[in-house]
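K.L.:
First the structure, then my questions, so here it is.
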Amino acid sequence: LVARMNTLAGGEPLLDVAQVEREIRARDMQLDNPFSKDAQITALRGARTYLGDKLIRTAKPHKMLDPANGPLIAVRLNILTRKT
């Protein structure tokens, strides 16, 4: 996925494949720890304690590199902001 993203960007590689893999593996390891220091995982677990969020708003935390969760995909975003 990262190699293809670098190809689409053109020029020199913007993302280091090894670095991206290390970051994803580190995030996946945080899921095994119920006292995770990862702020996003902690917030997600906190949100899932409320039944409404658990059923409708948040997905169950899962490992990104688990083959059972399907392949990784890339999404190109165009950020639009407005000053009010």
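Following the order of the structure tokens, first chain is A, next is B, and so on, with residues numbered from 1 inside each chain and ligands from 1 in the order they appear.
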Give me the residues near Val2 (chain A) as number ranges by chain, where near means some atom within 10 Å (using only C-alpha atoms) and where sequence neighbours in that chain fewer than 2 positions away do not count.

P.N.:
A: 4-8, 13-18, 20-21, 72-74

K.L.:
Write the residues of the preceding selection, restricted to N, CA and C atoms, as a compact mmCIF listing (two decimals), in the first residue's frame.

P.N.:
```txt
# COMPACT_ATOMS: atom_id res chain seq x y z
N ARG A 4 2.73 1.85 -3.30
CA ARG A 4 1.82 2.35 -4.34
C ARG A 4 1.48 3.83 -4.09
N MET A 5 1.31 4.21 -2.83
CA MET A 5 1.04 5.61 -2.51
C MET A 5 2.22 6.49 -2.92
N ASN A 6 3.44 6.01 -2.66
CA ASN A 6 4.63 6.76 -3.06
C ASN A 6 4.71 6.90 -4.57
N THR A 7 4.31 5.85 -5.31
CA THR A 7 4.32 5.91 -6.77
C THR A 7 3.34 6.96 -7.27
N LEU A 8 2.16 6.99 -6.68
CA LEU A 8 1.15 7.97 -7.10
C LEU A 8 1.57 9.40 -6.81
N PRO A 13 10.12 9.22 -2.66
CA PRO A 13 9.12 8.65 -1.74
C PRO A 13 8.84 9.57 -0.56
N LEU A 14 7.58 9.79 -0.28
CA LEU A 14 7.18 10.64 0.83
C LEU A 14 7.05 9.84 2.12
N LEU A 15 6.75 8.55 1.98
CA LEU A 15 6.56 7.69 3.15
C LEU A 15 7.60 6.58 3.16
N ASP A 16 8.15 6.30 4.34
CA ASP A 16 9.10 5.20 4.50
C ASP A 16 8.30 3.96 4.90
N VAL A 17 8.38 2.91 4.08
CA VAL A 17 7.61 1.70 4.30
C VAL A 17 7.89 1.11 5.68
N ALA A 18 9.16 1.02 6.06
CA ALA A 18 9.53 0.43 7.34
C ALA A 18 8.99 1.25 8.51
N VAL A 20 6.31 3.24 8.54
CA VAL A 20 4.86 3.08 8.61
C VAL A 20 4.51 1.74 9.25
N GLU A 21 5.23 0.69 8.86
CA GLU A 21 4.97 -0.63 9.44
C GLU A 21 5.26 -0.65 10.94
N LEU A 72 -5.45 -3.22 3.93
CA LEU A 72 -5.38 -1.78 4.18
C LEU A 72 -5.75 -1.05 2.90
N ILE A 73 -6.42 0.08 3.03
CA ILE A 73 -6.75 0.89 1.87
C ILE A 73 -6.28 2.32 2.12
N ALA A 74 -6.05 3.04 1.06
CA ALA A 74 -5.64 4.44 1.16
C ALA A 74 -6.82 5.32 0.76
```

K.L.:
Show me, as a ChimeraX atom specification, the residues that have an atom within 9 Å of Lys60 (chain A) when counting only C-alpha atoms, minus same-chain residues fewer than 2 positions from it.

P.N.:
/A:44-45,48,54,58,62

K.L.:
Since we have the selection now, will you write its residues out, keeping N, CA and C atoms, as a short mmCIF file (atom, residue, chain, number, x, y, z; two decimals), in the first residue's frame?

P.N.:
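Result file follows (selection.cif):
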```cif
data_model
loop_
_atom_site.label_atom_id
_atom_site.label_comp_id
_atom_site.auth_asym_id
_atom_site.auth_seq_id
_atom_site.Cartn_x
_atom_site.Cartn_y
_atom_site.Cartn_z
N LEU A 44 -11.32 5.82 22.57
CA LEU A 44 -12.25 4.90 21.93
C LEU A 44 -12.84 3.94 22.96
N ARG A 45 -12.00 3.41 23.83
CA ARG A 45 -12.50 2.52 24.88
C ARG A 45 -13.44 3.27 25.82
N ARG A 48 -16.81 3.72 24.19
CA ARG A 48 -17.58 2.47 24.10
C ARG A 48 -18.19 2.05 25.43
N LYS A 54 -21.49 2.64 21.93
CA LYS A 54 -21.01 1.27 21.68
C LYS A 54 -21.80 0.61 20.55
N THR A 58 -19.23 3.80 17.49
CA THR A 58 -17.84 3.36 17.48
C THR A 58 -17.73 1.88 17.14
N HIS A 62 -9.76 -3.04 16.79
CA HIS A 62 -9.16 -4.23 16.21
C HIS A 62 -7.78 -3.90 15.67
#
```

K.L.:
Counting only C-alpha atoms, which of A:Asp53, A:Asp38, A:Asp66, A:Glu12 gets nearest to Ala26 (chain A)?

P.N.:
A:Asp38

K.L.:
State, in Å with one decimal place, the distance from CA of Met29 (chain A) to CA of Ile41 (chain A).

P.N.:
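Separation between CA of Met29 (chain A) and CA of Ile41 (chain A): 11.1 Å.
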